[in-house]
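What follows is the content of query19.cif, which has mmCIF, C-alpha atoms:
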```
data_entry
#
loop_
_atom_site.group_PDB
_atom_site.id
_atom_site.type_symbol
_atom_site.label_atom_id
_atom_site.label_comp_id
_atom_site.auth_asym_id
_atom_site.auth_seq_id
_atom_site.Cartn_x
_atom_site.Cartn_y
_atom_site.Cartn_z
ATOM 1 C CA MET A 844 14.746 62.418 81.305
ATOM 2 C CA THR A 845 13.487 59.083 79.932
ATOM 3 C CA ALA A 846 13.187 55.951 82.064
ATOM 4 C CA GLY A 847 16.098 53.537 82.317
ATOM 5 C CA ALA A 848 19.714 53.903 83.331
ATOM 6 C CA LYS A 849 21.999 56.069 81.288
ATOM 7 C CA HIS A 850 25.735 55.628 80.997
ATOM 8 C CA LEU A 851 28.447 57.961 79.799
ATOM 9 C CA GLU A 852 32.178 57.311 79.669
ATOM 10 C CA ILE A 853 35.107 59.454 78.769
ATOM 11 C CA THR A 854 38.853 58.860 78.768
ATOM 12 C CA LEU A 855 40.883 61.852 79.853
ATOM 13 C CA GLU A 856 44.508 62.725 79.389
ATOM 14 C CA THR A 857 46.559 63.204 82.528
ATOM 15 C CA GLN A 858 46.807 66.950 82.217
ATOM 16 C CA VAL A 859 45.434 69.947 84.037
ATOM 17 C CA GLU A 860 42.956 70.774 81.289
ATOM 18 C CA SER A 861 41.199 67.457 81.907
ATOM 19 C CA VAL A 862 40.006 68.749 85.275
ATOM 20 C CA ASN A 863 38.049 71.580 83.677
ATOM 21 C CA LEU A 864 36.764 69.317 80.913
ATOM 22 C CA ALA A 865 35.499 66.736 83.388
ATOM 23 C CA GLU A 866 33.840 69.376 85.541
ATOM 24 C CA GLU A 867 32.125 71.002 82.597
ATOM 25 C CA MET A 868 30.874 67.684 81.239
ATOM 26 C CA CYS A 869 29.495 66.566 84.577
ATOM 27 C CA LEU A 870 27.835 69.923 85.171
ATOM 28 C CA ARG A 871 25.923 69.538 81.920
ATOM 29 C CA VAL A 872 24.847 66.018 82.834
ATOM 30 C CA ALA A 873 23.794 67.124 86.298
ATOM 31 C CA GLU A 874 21.757 70.000 84.901
ATOM 32 C CA ALA A 875 20.091 67.684 82.406
ATOM 33 C CA ALA A 876 19.288 65.287 85.239
ATOM 34 C CA GLY A 877 17.401 68.064 86.997
ATOM 35 C CA PHE A 878 19.794 68.967 89.779
ATOM 36 C CA GLY A 879 19.486 72.505 91.090
ATOM 37 C CA GLU A 880 22.235 75.101 91.128
ATOM 38 C CA ASP A 881 23.609 74.205 94.542
ATOM 39 C CA ASP A 882 23.765 70.479 93.840
ATOM 40 C CA CYS A 883 25.311 71.108 90.428
ATOM 41 C CA TYR A 884 28.032 73.128 92.140
ATOM 42 C CA ARG A 885 28.653 70.304 94.632
ATOM 43 C CA ILE A 886 28.722 67.681 91.883
ATOM 44 C CA GLY A 887 31.015 69.778 89.702
ATOM 45 C CA MET A 888 33.360 70.442 92.598
ATOM 46 C CA SER A 889 33.423 66.756 93.539
ATOM 47 C CA VAL A 890 34.301 65.750 89.990
ATOM 48 C CA ARG A 891 37.063 68.375 89.933
ATOM 49 C CA GLU A 892 38.487 67.021 93.154
ATOM 50 C CA GLY A 893 38.225 63.430 91.949
ATOM 51 C CA VAL A 894 40.050 64.150 88.715
ATOM 52 C CA ILE A 895 42.639 66.281 90.514
ATOM 53 C CA ASN A 896 43.204 63.366 92.874
ATOM 54 C CA GLU A 897 43.732 60.927 90.021
ATOM 55 C CA PHE A 898 45.850 63.413 88.068
ATOM 56 C CA HIS A 899 48.198 64.294 90.899
ATOM 57 C CA TYR A 900 48.263 61.337 93.293
ATOM 58 C CA GLY A 901 47.075 58.434 91.182
ATOM 59 C CA ASN A 902 48.811 59.050 87.894
ATOM 60 C CA GLN A 903 51.604 61.167 89.370
ATOM 61 C CA GLU A 904 51.008 63.743 86.605
ATOM 62 C CA ARG A 905 52.484 61.318 84.088
ATOM 63 C CA PRO A 906 51.107 62.228 80.665
ATOM 64 C CA GLU A 907 51.238 58.687 79.321
ATOM 65 C CA LYS A 908 48.634 57.587 81.858
ATOM 66 C CA LYS A 909 44.885 58.013 81.469
ATOM 67 C CA ILE A 910 42.003 58.980 83.727
ATOM 68 C CA TYR A 911 38.693 57.241 83.186
ATOM 69 C CA LEU A 912 35.494 59.062 84.045
ATOM 70 C CA ALA A 913 32.103 57.373 83.947
ATOM 71 C CA LEU A 914 28.661 58.600 84.879
ATOM 72 C CA ASP A 915 25.577 56.494 85.503
ATOM 73 C CA ILE A 916 22.134 57.944 85.951
ATOM 74 C CA THR A 917 19.771 55.437 87.503
ATOM 75 C CA SER A 918 16.200 55.945 88.598
ATOM 76 C CA GLU A 919 17.526 57.041 91.980
ATOM 77 C CA LYS A 920 20.889 58.650 91.657
ATOM 78 C CA LEU A 921 23.792 60.014 89.673
ATOM 79 C CA ILE A 922 26.819 57.783 90.176
ATOM 80 C CA ILE A 923 30.277 59.022 89.225
ATOM 81 C CA HIS A 924 33.361 56.867 88.812
ATOM 82 C CA VAL A 925 36.865 58.309 88.450
ATOM 83 C CA LEU A 926 39.639 55.804 87.839
ATOM 84 C CA ASP A 927 43.375 56.240 87.485
ATOM 85 C CA GLU A 928 46.222 54.020 86.333
ATOM 86 C CA GLY A 929 48.214 54.278 89.499
ATOM 87 C CA THR A 930 48.713 51.806 92.289
ATOM 88 C CA GLY A 931 45.685 52.626 94.380
ATOM 89 C CA PHE A 932 45.379 53.817 97.950
ATOM 90 C CA MET A 933 43.473 53.120 101.145
ATOM 91 C CA LEU A 934 41.046 55.707 102.409
ATOM 92 C CA ALA A 935 42.159 54.952 105.941
ATOM 93 C CA ASP A 936 45.651 56.157 105.037
ATOM 94 C CA VAL A 937 44.489 59.614 104.001
ATOM 95 C CA PRO A 938 45.319 62.145 106.733
ATOM 96 C CA ASP A 939 42.432 64.046 108.264
ATOM 97 C CA PRO A 940 42.687 67.615 106.939
ATOM 98 C CA LEU A 941 40.715 68.879 109.919
ATOM 99 C CA ALA A 942 43.219 67.558 112.435
ATOM 100 C CA GLU A 943 45.087 70.362 114.151
ATOM 101 C CA GLU A 944 48.432 69.213 112.813
ATOM 102 C CA ASN A 945 47.139 69.178 109.224
ATOM 103 C CA LEU A 946 45.171 72.431 109.122
ATOM 104 C CA LEU A 947 48.010 74.340 107.494
ATOM 105 C CA SER A 948 48.792 71.565 105.063
ATOM 106 C CA THR A 949 48.809 72.855 101.505
ATOM 107 C CA SER A 950 47.145 69.709 100.167
ATOM 108 C CA GLY A 951 44.964 66.823 101.221
ATOM 109 C CA ARG A 952 41.476 68.337 101.195
ATOM 110 C CA GLY A 953 40.107 66.783 98.017
ATOM 111 C CA ILE A 954 38.814 63.564 99.568
ATOM 112 C CA PHE A 955 37.263 65.528 102.411
ATOM 113 C CA LEU A 956 35.433 67.829 100.014
ATOM 114 C CA MET A 957 34.069 64.944 97.934
ATOM 115 C CA ARG A 958 32.785 63.272 101.079
ATOM 116 C CA ALA A 959 31.217 66.510 102.217
ATOM 117 C CA PHE A 960 29.489 67.287 98.943
ATOM 118 C CA MET A 961 28.285 63.895 97.780
ATOM 119 C CA ASP A 962 25.701 61.605 99.372
ATOM 120 C CA GLU A 963 27.910 58.543 99.071
ATOM 121 C CA PHE A 964 31.659 58.197 98.594
ATOM 122 C CA ASP A 965 34.120 55.354 98.484
ATOM 123 C CA VAL A 966 37.444 54.351 96.971
ATOM 124 C CA ILE A 967 37.905 50.868 95.553
ATOM 125 C CA THR A 968 40.505 49.095 93.473
ATOM 126 C CA GLY A 969 39.625 49.643 89.839
ATOM 127 C CA ARG A 970 39.995 47.398 86.815
ATOM 128 C CA THR A 971 43.332 49.048 86.008
ATOM 129 C CA GLY A 972 44.695 48.288 89.468
ATOM 130 C CA GLY A 973 44.502 51.945 90.268
ATOM 131 C CA ALA A 974 42.196 53.805 92.607
ATOM 132 C CA GLU A 975 38.577 54.161 91.572
ATOM 133 C CA ILE A 976 36.617 56.894 93.276
ATOM 134 C CA VAL A 977 32.920 56.071 93.347
ATOM 135 C CA MET A 978 30.514 58.725 94.527
ATOM 136 C CA SER A 979 26.865 59.414 94.094
ATOM 137 C CA LYS A 980 24.120 61.929 94.639
ATOM 138 C CA LYS A 981 20.417 61.167 94.865
ATOM 139 C CA LEU A 982 18.373 62.592 92.057
ATOM 140 C CA PRO A 983 16.241 65.565 93.052
ATOM 141 C CA GLY A 984 12.821 64.568 94.283
ATOM 142 C CA GLY A 985 13.805 60.908 94.592
ATOM 143 C CA ASP A 986 13.147 58.680 97.625
ATOM 144 C CA SER A 987 15.816 58.687 100.275
ATOM 145 C CA THR A 988 17.600 55.317 100.176
ATOM 146 C CA ASN A 989 20.947 54.024 101.320
ATOM 147 C CA GLY A 990 21.880 53.128 97.787
ATOM 148 C CA ARG A 991 22.216 49.439 98.526
ATOM 149 C CA GLY A 992 21.007 47.088 95.847
ATOM 150 C CA GLY A 993 20.873 49.812 93.235
ATOM 151 C CA GLU A 994 22.064 49.449 89.678
ATOM 152 C CA GLY A 995 25.777 49.357 89.136
ATOM 153 C CA THR A 996 28.224 49.790 91.977
ATOM 154 C CA ALA A 997 26.689 50.656 95.325
ATOM 155 C CA PRO A 998 29.271 52.842 97.014
ATOM 156 C CA LYS A 999 29.394 52.883 100.782
ATOM 157 C CA ARG A 1000 29.551 56.078 102.709
ATOM 158 C CA GLY A 1001 33.120 56.766 103.786
ATOM 159 C CA ALA A 1002 34.015 56.591 107.479
ATOM 160 C CA MET B 1041 36.855 83.014 84.175
ATOM 161 C CA ALA B 1042 40.637 82.730 84.471
ATOM 162 C CA LEU B 1043 42.080 84.375 87.565
ATOM 163 C CA GLN B 1044 43.220 87.963 87.287
ATOM 164 C CA ALA B 1045 45.277 89.731 89.922
ATOM 165 C CA THR B 1046 46.182 93.366 90.368
ATOM 166 C CA TYR B 1047 47.480 95.120 93.437
ATOM 167 C CA ARG B 1048 47.414 98.587 94.919
ATOM 168 C CA ASP B 1049 48.872 100.305 97.913
ATOM 169 C CA ALA B 1050 46.769 101.362 100.880
ATOM 170 C CA GLY B 1051 49.384 102.917 103.099
ATOM 171 C CA PRO B 1052 51.692 100.165 104.335
ATOM 172 C CA VAL B 1053 49.235 97.511 103.161
ATOM 173 C CA THR B 1054 49.184 95.952 99.708
ATOM 174 C CA VAL B 1055 45.677 95.111 98.587
ATOM 175 C CA VAL B 1056 45.574 92.368 95.961
ATOM 176 C CA ASP B 1057 42.373 92.445 93.956
ATOM 177 C CA LEU B 1058 41.587 88.988 92.622
ATOM 178 C CA SER B 1059 38.830 88.045 90.221
ATOM 179 C CA GLY B 1060 37.831 84.747 88.660
ATOM 180 C CA ARG B 1061 38.543 81.211 89.793
ATOM 181 C CA ILE B 1062 41.396 80.077 91.987
ATOM 182 C CA THR B 1063 41.766 76.530 90.739
ATOM 183 C CA LEU B 1064 44.385 73.987 89.758
ATOM 184 C CA GLY B 1065 46.554 75.319 86.971
ATOM 185 C CA ASP B 1066 46.878 78.954 85.944
ATOM 186 C CA GLY B 1067 44.698 80.325 88.734
ATOM 187 C CA SER B 1068 46.520 78.866 91.673
ATOM 188 C CA ALA B 1069 49.857 79.441 89.939
ATOM 189 C CA LEU B 1070 49.081 83.135 89.490
ATOM 190 C CA LEU B 1071 48.116 83.509 93.121
ATOM 191 C CA ARG B 1072 51.335 81.852 94.189
ATOM 192 C CA LYS B 1073 53.418 84.006 91.861
ATOM 193 C CA THR B 1074 51.693 87.176 93.013
ATOM 194 C CA ILE B 1075 52.249 86.561 96.713
ATOM 195 C CA ARG B 1076 55.834 85.448 96.251
ATOM 196 C CA GLY B 1077 56.516 88.491 94.093
ATOM 197 C CA LEU B 1078 55.149 90.827 96.747
ATOM 198 C CA LEU B 1079 57.310 89.195 99.374
ATOM 199 C CA GLN B 1080 60.368 89.653 97.181
ATOM 200 C CA ASP B 1081 59.480 93.350 97.027
ATOM 201 C CA GLU B 1082 59.393 93.388 100.829
ATOM 202 C CA ARG B 1083 55.636 93.905 100.839
ATOM 203 C CA LYS B 1084 54.654 91.883 103.877
ATOM 204 C CA LYS B 1085 51.274 93.335 104.799
ATOM 205 C CA ILE B 1086 49.017 91.711 102.239
ATOM 206 C CA LEU B 1087 45.247 91.864 102.003
ATOM 207 C CA LEU B 1088 43.676 89.525 99.467
ATOM 208 C CA ASN B 1089 40.426 90.968 98.178
ATOM 209 C CA LEU B 1090 38.302 87.974 97.187
ATOM 210 C CA ALA B 1091 35.076 89.834 96.456
ATOM 211 C CA ASP B 1092 35.226 88.779 92.810
ATOM 212 C CA VAL B 1093 36.458 85.239 93.358
ATOM 213 C CA ASP B 1094 33.438 83.084 92.734
ATOM 214 C CA TYR B 1095 35.089 79.681 92.842
ATOM 215 C CA ILE B 1096 38.002 77.958 94.546
ATOM 216 C CA ASP B 1097 39.009 74.312 94.633
ATOM 217 C CA SER B 1098 41.323 72.395 96.933
ATOM 218 C CA SER B 1099 44.349 73.555 94.970
ATOM 219 C CA GLY B 1100 43.287 77.146 95.402
ATOM 220 C CA ILE B 1101 42.738 76.600 99.101
ATOM 221 C CA GLY B 1102 46.194 75.081 99.251
ATOM 222 C CA GLU B 1103 47.691 78.193 97.678
ATOM 223 C CA LEU B 1104 45.883 80.437 100.163
ATOM 224 C CA VAL B 1105 47.339 78.385 102.984
ATOM 225 C CA SER B 1106 50.761 78.313 101.364
ATOM 226 C CA GLY B 1107 50.698 82.071 100.935
ATOM 227 C CA PHE B 1108 49.560 82.590 104.500
ATOM 228 C CA THR B 1109 52.429 80.495 105.801
ATOM 229 C CA ALA B 1110 55.017 82.064 103.504
ATOM 230 C CA VAL B 1111 54.063 85.577 104.558
ATOM 231 C CA LYS B 1112 53.951 84.638 108.232
ATOM 232 C CA ASN B 1113 57.363 82.990 108.021
ATOM 233 C CA GLN B 1114 58.779 86.272 106.767
ATOM 234 C CA GLY B 1115 57.303 88.161 109.669
ATOM 235 C CA GLY B 1116 54.376 89.525 107.701
ATOM 236 C CA GLU B 1117 50.603 89.186 107.694
ATOM 237 C CA LEU B 1118 48.193 87.955 105.028
ATOM 238 C CA LYS B 1119 44.496 88.592 105.539
ATOM 239 C CA LEU B 1120 41.354 88.035 103.511
ATOM 240 C CA LEU B 1121 38.650 90.462 102.476
ATOM 241 C CA GLN B 1122 35.034 90.009 101.327
ATOM 242 C CA LEU B 1123 34.668 86.305 100.798
ATOM 243 C CA THR B 1124 31.892 85.185 98.501
ATOM 244 C CA LYS B 1125 29.478 82.653 99.955
ATOM 245 C CA LYS B 1126 31.035 79.637 98.239
ATOM 246 C CA VAL B 1127 34.553 80.556 99.320
ATOM 247 C CA ARG B 1128 33.392 81.312 102.855
ATOM 248 C CA ASP B 1129 31.541 78.003 103.091
ATOM 249 C CA LEU B 1130 34.602 76.089 101.915
ATOM 250 C CA LEU B 1131 36.878 77.792 104.412
ATOM 251 C CA GLN B 1132 34.360 77.056 107.149
ATOM 252 C CA ILE B 1133 33.993 73.364 106.430
ATOM 253 C CA THR B 1134 37.768 72.972 106.129
ATOM 254 C CA LYS B 1135 38.180 74.780 109.459
ATOM 255 C CA LEU B 1136 40.348 77.437 107.840
ATOM 256 C CA TYR B 1137 37.849 80.178 108.620
ATOM 257 C CA THR B 1138 39.383 80.547 112.061
ATOM 258 C CA VAL B 1139 42.951 80.405 110.766
ATOM 259 C CA PHE B 1140 42.732 83.456 108.569
ATOM 260 C CA ASP B 1141 41.798 86.984 109.636
ATOM 261 C CA ILE B 1142 38.771 87.700 107.451
ATOM 262 C CA TYR B 1143 37.107 91.067 106.952
ATOM 263 C CA THR B 1144 34.031 92.371 105.182
ATOM 264 C CA ASP B 1145 35.138 96.003 105.239
ATOM 265 C CA GLU B 1146 38.328 97.107 103.503
ATOM 266 C CA ASN B 1147 39.060 100.059 105.779
ATOM 267 C CA ALA B 1148 38.697 97.933 108.868
ATOM 268 C CA ALA B 1149 40.942 95.301 107.323
ATOM 269 C CA ILE B 1150 43.652 97.849 106.540
ATOM 270 C CA ARG B 1151 43.478 99.332 110.033
ATOM 271 C CA SER B 1152 43.941 95.885 111.520
ATOM 272 C CA PHE B 1153 47.502 95.490 110.229
#
```
Could the structure of this file be written out as structure tokens, please?
Amino acid sequence: MTAGAKHLEITLETQVESVNLAEEMCLRVAEAAGFGEDDCYRIGMSVREGVINEFHYGNQERPEKKIYLALDITSEKLIIHVLDEGTGFMLADVPDPLAEENLLSTSGRGIFLMRAFMDEFDVITGRTGGAEIVMSKKLPGGDSTNGRGGEGTAPKRGA
Amino acid sequence: MALQATYRDAGPVTVVDLSGRITLGDGSALLRKTIRGLLQDERKKILLNLADVDYIDSSGIGELVSGFTAVKNQGGELKLLQLTKKVRDLLQITKLYTVFDIYTDENAAIRSF
């Protein structure tokens, strides 16, 4: 991996197949960035969940809408952005899937899994007005930092 | 690998052998269809063999939960057998590990119904 940030963007259709495509693409980038098998699994899963979130909740499965996926590899971390063309949402409004009353809910675990698997996770309002998931994982062997002041967006850890 | 599902009888218990990925799309849809089909056939003691399921996402977890609830609501039982490490870890962190009855041995699982 050469020095300097690297950036990759892809526009996805709002369809189920985009979830697999996004996962596969990000797995290849993560492998190339030197992540081990376990971290690649966590990154791939997080991307799946992010795209599923945008597909189902953000874009309401409407095929005319797009999902925007971007990856940045800095000297410290892999940063992933997933953006929809919906109306956005507040993290605080997402029910806790671990709460007793939600355990048998058939949905609502995607955000939780992304938070669990990535080092940093946040949801902001994107350029489209929709929700932009921003999550990152420190590169293997890198210094442990809080991610503040890094290149590109510095996502905060979710509450 | 796309999800494949077959089932066999073990006395009063129906063992559903699953292999592949239980994920959004065909995988989770097949799981849903399989469980609902068994219920329609009045097969209410269902053991899902997940030994060959190497990957599940939140949609797949949702279908497991949905199936569990559907079977329970019809007076039946749905249990899980031989979770792979990734599936087990996901069920643990989502606190579903204590919701399902989970077995490592098929005979013990069948006897438990």
With distances taken over only C-alpha atoms, which residue among A:Asp939, A:Glu856, A:Asp965, A:Asp882 lies nearest A:Leu921?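 Closest to A:Leu921 of all the choices is A:Asp882.
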Distance in Å - atom CA of A:Arg905 versus atom CA of B:Arg1076: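 Separating atom CA of A:Arg905 from atom CA of B:Arg1076 is a distance of 27.2 Å.
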Applying the PyMOL selection byres ((chain A) within 6 of (chain B)) to the file I just gave you, which residues come out? Please list them as a list of chain:residue names. A:Thr949, A:Ser950, A:Arg952, A:Gly953
How would you write as a list in words the residues that get within 9 Å of (39.3, 92.3, 108.0) in the file's frame, counting all atoms listed in the file?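 Nearby residues: Leu1087, Lys1119, Leu1120, Leu1121, Gln1122, Asp1141, Ile1142, Tyr1143, Thr1144, Asp1145, Glu1146, Asn1147, Ala1148, Ala1149, Ile1150, Arg1151 and Ser1152 of chain B.
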Nearest-residue call for A:Glu975, choices A:Pro938, A:Gly931, A:Gly877, A:Pro906, using all atoms listed in the file: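 For A:Glu975, the nearest of the given residues is A:Gly931.
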